[in-house]
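Here the structure comes first, spelled out in C-alpha cells, and everything after it is commentary.
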Amino acid sequence: MAESIKNKNIEIVGFACSYCSFKASEMAGSLRMKYPEGVKLIEVPCSSRVDPAFIIKALIEGADGVFVAGCHPGDCHFIKGNYYTRRKIAALKEMFNAFSIDGRLRLFWVSASEARRFVDKVTDMYNNIKEKKK
C-alpha cells in the first residue's frame with residue numbers, strides 16, 4: 001500500500017489569472033514547451049479572486065500542491081488585485097507553516113509573454129514536491 005502512494009503521480013492545481021498567467025500557459029502550449037502533465041490549471045479573472053478556501057479544498061481533496069499565478073505587481077488589470085493576493089497567500093502560508101504543511105503552496109508572477117518563466121516555475125514546483133515525496 002505504501003509503495004502505491006510513493007508511485008502515485010504528482011497532482012498540482014494552479015489558479016492562473018486570465019490576463020497574464022493563463023495566457024503564458026497558452027503561449028507555452030503554442031510554442032510546444034512541455035511542463036508536467038500532473039498540473040491542472042484553473043483560469044480565474046484575477047489572482048485576487050482565488051479564495052483561500054479553494055486552495056485548502058484542493059489540498060484536502062488530494063492535490064499535492066497548489067499555486068496561484070498572477071500579473072506582476074503594478075501590472076494587474078484590476079489595479080491592486082495582485083497586492084491583495086500577496087497578502088492572502090502570505091497569511092495562508094503562515095497558517096500552513098503552523099500545521100507543518102509548508103512547501104505545498106506557491107505564488108508567482110508571470111506576464112502573458114513569459115511562457116518560459118511559467119514552464120520553469122511550474123516544473124520547479126513539481127520537481128520539489130516529487131523530491132519531498134521520496
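Following the order of the C-alpha cells, chains are lettered A, B, ..., residues in each are numbered from 1, and ligands are numbered from 1.
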Write out as a PDB file with N, CA and C atoms, in the first residue's frame which residues come within 9 Å of Gly65 of chain A when counting only C-alpha atoms, dropping same-chain ones fewer than 4 positions away.
ATOM      1  N   ILE A  10       2.185  12.954  -9.228  1.00  0.00           N
ATOM      2  CA  ILE A  10       2.051  14.228  -8.518  1.00  0.00           C
ATOM      3  C   ILE A  10       0.944  15.039  -9.203  1.00  0.00           C
ATOM      4  N   GLU A  11       0.044  15.591  -8.398  1.00  0.00           N
ATOM      5  CA  GLU A  11      -1.017  16.439  -8.937  1.00  0.00           C
ATOM      6  C   GLU A  11      -0.920  17.824  -8.321  1.00  0.00           C
ATOM      7  N   ILE A  12      -0.870  18.815  -9.184  1.00  0.00           N
ATOM      8  CA  ILE A  12      -0.793  20.209  -8.754  1.00  0.00           C
ATOM      9  C   ILE A  12      -1.951  20.967  -9.382  1.00  0.00           C
ATOM     10  N   VAL A  13      -2.639  21.736  -8.567  1.00  0.00           N
ATOM     11  CA  VAL A  13      -3.721  22.584  -9.051  1.00  0.00           C
ATOM     12  C   VAL A  13      -3.182  24.012  -9.119  1.00  0.00           C
ATOM     13  N   GLY A  14      -3.375  24.644 -10.256  1.00  0.00           N
ATOM     14  CA  GLY A  14      -2.903  26.009 -10.431  1.00  0.00           C
ATOM     15  C   GLY A  14      -4.041  26.952 -10.769  1.00  0.00           C
ATOM     16  N   ALA A  58      -8.608  22.164  -2.408  1.00  0.00           N
ATOM     17  CA  ALA A  58      -7.797  21.400  -3.365  1.00  0.00           C
ATOM     18  C   ALA A  58      -6.834  20.467  -2.629  1.00  0.00           C
ATOM     19  N   LEU A  59      -6.215  20.957  -1.571  1.00  0.00           N
ATOM     20  CA  LEU A  59      -5.278  20.137  -0.805  1.00  0.00           C
ATOM     21  C   LEU A  59      -5.997  19.014  -0.055  1.00  0.00           C
ATOM     22  N   GLY A 103       5.504  24.322   1.899  1.00  0.00           N
ATOM     23  CA  GLY A 103       6.062  23.849   0.642  1.00  0.00           C
ATOM     24  C   GLY A 103       5.040  23.382  -0.370  1.00  0.00           C
ATOM     25  N   ARG A 104       3.770  23.374  -0.003  1.00  0.00           N
ATOM     26  CA  ARG A 104       2.743  22.887  -0.920  1.00  0.00           C
ATOM     27  C   ARG A 104       1.961  24.013  -1.585  1.00  0.00           C
ATOM     28  N   LEU A 105       2.295  25.253  -1.240  1.00  0.00           N
ATOM     29  CA  LEU A 105       1.612  26.408  -1.815  1.00  0.00           C
ATOM     30  C   LEU A 105       2.645  27.384  -2.340  1.00  0.00           C
ATOM     31  N   ARG A 106       2.437  27.841  -3.555  1.00  0.00           N
ATOM     32  CA  ARG A 106       3.346  28.826  -4.143  1.00  0.00           C
ATOM     33  C   ARG A 106       2.549  29.943  -4.798  1.00  0.00           C
ATOM     34  N   MET A 125       8.257  23.630  -9.139  1.00  0.00           N
ATOM     35  CA  MET A 125       7.354  23.240  -8.062  1.00  0.00           C
ATOM     36  C   MET A 125       7.087  21.735  -8.115  1.00  0.00           C
ATOM     37  N   TYR A 126       6.829  21.226  -9.292  1.00  0.00           N
ATOM     38  CA  TYR A 126       6.566  19.798  -9.475  1.00  0.00           C
ATOM     39  C   TYR A 126       7.751  18.961  -8.984  1.00  0.00           C
ATOM     40  N   ILE A 129       8.117  19.001  -5.101  1.00  0.00           N
ATOM     41  CA  ILE A 129       7.133  18.161  -4.440  1.00  0.00           C
ATOM     42  C   ILE A 129       7.482  16.691  -4.659  1.00  0.00           C
TER      43      ILE A 129
END
With a distance cut-off of 12 Å and only C-alpha atoms, select the neighbouring residues of segment 16-26 of chain A, excluding the residue or stretch itself and same-chain residues fewer than 2 positions from it, and output the selection as a compact mmCIF listing (two decimals) with N, CA and C atoms, in the first residue's frame.
# COMPACT_ATOMS: atom_id res chain seq x y z
N VAL A 13 -2.64 21.74 -8.57
CA VAL A 13 -3.72 22.58 -9.05
C VAL A 13 -3.18 24.01 -9.12
N GLY A 14 -3.38 24.64 -10.26
CA GLY A 14 -2.90 26.01 -10.43
C GLY A 14 -4.04 26.95 -10.77
N ALA A 28 2.90 28.86 -23.96
CA ALA A 28 3.81 27.72 -23.78
C ALA A 28 3.32 26.53 -24.61
N GLY A 29 2.03 26.32 -24.62
CA GLY A 29 1.46 25.25 -25.43
C GLY A 29 1.66 25.49 -26.92
N SER A 30 1.46 26.73 -27.34
CA SER A 30 1.65 27.08 -28.75
C SER A 30 3.09 26.89 -29.19
N LEU A 31 4.02 27.16 -28.27
CA LEU A 31 5.44 27.01 -28.58
C LEU A 31 5.95 25.59 -28.32
N ARG A 32 5.02 24.69 -27.98
CA ARG A 32 5.33 23.29 -27.72
C ARG A 32 6.30 23.09 -26.56
N MET A 33 6.23 24.00 -25.59
CA MET A 33 7.02 23.83 -24.37
C MET A 33 6.29 22.82 -23.49
N LYS A 34 7.03 22.01 -22.81
CA LYS A 34 6.43 20.95 -22.00
C LYS A 34 6.57 21.27 -20.51
N TYR A 35 5.49 21.01 -19.79
CA TYR A 35 5.55 21.02 -18.34
C TYR A 35 4.81 19.78 -17.85
N VAL A 39 -0.16 18.83 -13.79
CA VAL A 39 -0.55 20.21 -13.46
C VAL A 39 -1.90 20.50 -14.11
N LYS A 40 -2.87 20.87 -13.29
CA LYS A 40 -4.20 21.21 -13.76
C LYS A 40 -4.43 22.70 -13.53
N LEU A 41 -4.74 23.42 -14.60
CA LEU A 41 -4.93 24.88 -14.49
C LEU A 41 -6.40 25.25 -14.42
N ILE A 42 -6.66 26.24 -13.59
CA ILE A 42 -7.99 26.82 -13.49
C ILE A 42 -7.84 28.30 -13.80
N GLU A 43 -8.54 28.75 -14.80
CA GLU A 43 -8.48 30.16 -15.20
C GLU A 43 -9.40 30.98 -14.31
N VAL A 44 -8.86 32.04 -13.74
CA VAL A 44 -9.64 32.97 -12.91
C VAL A 44 -9.46 34.38 -13.49
N PRO A 45 -10.44 35.25 -13.30
CA PRO A 45 -10.33 36.60 -13.87
C PRO A 45 -9.14 37.38 -13.33
N CYS A 46 -8.84 37.18 -12.05
CA CYS A 46 -7.72 37.86 -11.39
C CYS A 46 -7.25 36.97 -10.26
N SER A 47 -5.97 37.00 -9.96
CA SER A 47 -5.44 36.17 -8.87
C SER A 47 -6.12 36.51 -7.53
N SER A 48 -6.61 37.73 -7.40
CA SER A 48 -7.26 38.13 -6.15
C SER A 48 -8.61 37.44 -5.96
N ARG A 49 -9.14 36.83 -7.01
CA ARG A 49 -10.43 36.14 -6.92
C ARG A 49 -10.29 34.73 -6.36
N VAL A 50 -9.06 34.30 -6.09
CA VAL A 50 -8.84 32.97 -5.52
C VAL A 50 -9.04 33.05 -4.02
N VAL A 66 -0.49 23.40 -4.68
CA VAL A 66 -1.35 24.41 -5.30
C VAL A 66 -0.51 25.64 -5.56
N PHE A 67 -0.71 26.26 -6.72
CA PHE A 67 -0.06 27.55 -6.96
C PHE A 67 -1.08 28.56 -7.45
N VAL A 68 -0.77 29.80 -7.17
CA VAL A 68 -1.55 30.92 -7.68
C VAL A 68 -0.58 31.75 -8.51
N ALA A 69 -0.94 32.01 -9.75
CA ALA A 69 -0.09 32.79 -10.64
C ALA A 69 -0.87 33.99 -11.13
N GLY A 70 -0.25 35.14 -11.07
CA GLY A 70 -0.92 36.37 -11.48
C GLY A 70 0.02 37.30 -12.21
N CYS A 71 -0.52 38.46 -12.56
CA CYS A 71 0.26 39.50 -13.23
C CYS A 71 1.32 40.02 -12.26
N HIS A 72 2.37 40.58 -12.81
CA HIS A 72 3.40 41.19 -11.96
C HIS A 72 2.79 42.35 -11.18
N PRO A 73 3.25 42.57 -9.93
CA PRO A 73 2.74 43.71 -9.16
C PRO A 73 2.90 45.01 -9.94
N ASP A 75 1.13 45.62 -12.62
CA ASP A 75 0.60 45.37 -13.95
C ASP A 75 -0.77 44.72 -13.94
N CYS A 76 -1.39 44.62 -12.78
CA CYS A 76 -2.69 43.96 -12.66
C CYS A 76 -3.76 44.75 -13.42
N HIS A 77 -4.56 44.04 -14.19
CA HIS A 77 -5.65 44.67 -14.93
C HIS A 77 -6.76 45.17 -14.02
N PHE A 78 -6.75 44.70 -12.78
CA PHE A 78 -7.72 45.14 -11.80
C PHE A 78 -7.06 46.05 -10.75
N GLY A 81 -5.27 44.09 -7.57
CA GLY A 81 -5.64 42.71 -7.31
C GLY A 81 -4.51 41.85 -6.79
N ASN A 82 -3.33 41.96 -7.43
CA ASN A 82 -2.24 41.07 -7.00
C ASN A 82 -1.65 41.48 -5.65
N THR A 85 -3.77 39.57 -3.34
CA THR A 85 -3.37 38.17 -3.45
C THR A 85 -2.13 37.90 -2.61
N ARG A 106 2.44 27.84 -3.56
CA ARG A 106 3.35 28.83 -4.14
C ARG A 106 2.55 29.94 -4.80
N LEU A 107 3.20 31.08 -4.84
CA LEU A 107 2.65 32.26 -5.53
C LEU A 107 3.75 32.77 -6.44
N PHE A 108 3.41 33.00 -7.69
CA PHE A 108 4.38 33.61 -8.58
C PHE A 108 3.70 34.50 -9.61
N TRP A 109 4.49 35.41 -10.14
CA TRP A 109 4.00 36.40 -11.10
C TRP A 109 4.56 36.07 -12.48
N VAL A 110 3.68 36.03 -13.46
CA VAL A 110 4.08 35.71 -14.83
C VAL A 110 3.25 36.57 -15.77
N SER A 111 3.92 37.29 -16.67
CA SER A 111 3.17 38.08 -17.65
C SER A 111 2.84 37.20 -18.85
N ALA A 112 1.97 37.69 -19.71
CA ALA A 112 1.50 36.92 -20.86
C ALA A 112 2.63 36.51 -21.79
N SER A 113 3.70 37.29 -21.84
CA SER A 113 4.80 37.00 -22.76
C SER A 113 5.88 36.10 -22.15
N GLU A 114 5.69 35.65 -20.92
CA GLU A 114 6.72 34.88 -20.22
C GLU A 114 6.39 33.39 -20.15
N ALA A 115 6.22 32.78 -21.30
CA ALA A 115 5.90 31.35 -21.36
C ALA A 115 7.00 30.51 -20.72
N ARG A 116 8.24 30.82 -21.01
CA ARG A 116 9.36 30.06 -20.45
C ARG A 116 9.37 30.17 -18.92
N ARG A 117 9.13 31.37 -18.39
CA ARG A 117 9.09 31.56 -16.94
C ARG A 117 7.97 30.72 -16.33
N PHE A 118 6.81 30.69 -16.96
CA PHE A 118 5.69 29.90 -16.47
C PHE A 118 6.08 28.42 -16.39
N VAL A 119 6.63 27.89 -17.47
CA VAL A 119 7.04 26.49 -17.51
C VAL A 119 8.09 26.20 -16.45
N ASP A 120 9.06 27.09 -16.30
CA ASP A 120 10.13 26.89 -15.30
C ASP A 120 9.57 26.86 -13.88
N LYS A 121 8.68 27.79 -13.55
CA LYS A 121 8.12 27.86 -12.20
C LYS A 121 7.29 26.62 -11.88
N VAL A 122 6.46 26.20 -12.83
CA VAL A 122 5.60 25.04 -12.61
C VAL A 122 6.44 23.76 -12.50
Check: Can you list every residue in chain A that DSSP puts in helix (DSSP H, G or I), as a PyMOL selection string?
Finding: chain A and resi 2-6+21-30+47-49+52-60+81-98+115-133
Notebook entry, point to check: Nearest to Asn127 of chain A among A:Glu94, A:Asp64, A:Ile56, A:Phe15, with distances taken over only C-alpha atoms: which residue is it?
Noted result: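 Of A:Glu94, A:Asp64, A:Ile56, A:Phe15, the one nearest Asn127 of chain A, counting only C-alpha atoms, is A:Asp64.
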Item checked: Among the residues A:Lys133, A:Leu92, A:Ile101, A:Asn9, the one that comes closest to Glu37 of chain A [using only C-alpha atoms] ->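 Smallest separation from Glu37 of chain A among the options: A:Asn9.
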Next item on the list: Enumerate the residues of segment 2-131 of chain A with a DSSP assignment of strand (DSSP E or B), computed from the backbone, and present them as a VMD selection string.
Entry: chain A and resid 12 to 17 39 to 44 65 to 70 105 to 109
Note to self: Would you compute the distance between atom CA of Lys57 of chain A and atom CA of Phe96 of chain A? Give it in Å to one decimal.
What the structure shows: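 We find that atom CA of Lys57 of chain A and atom CA of Phe96 of chain A lie 13.3 Å from each other.
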Item checked: One-decimal distance in Å that lies between atom CA of Tyr83 of chain A and atom CA of Pro36 of chain A ->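 One can read the atom CA of Pro36 of chain A to atom CA of Tyr83 of chain A distance as 28.5 Å.
Interatomic distance, atom CA of Phe54 of chain A against atom CA of Met95 of chain A: 14.9 Å.
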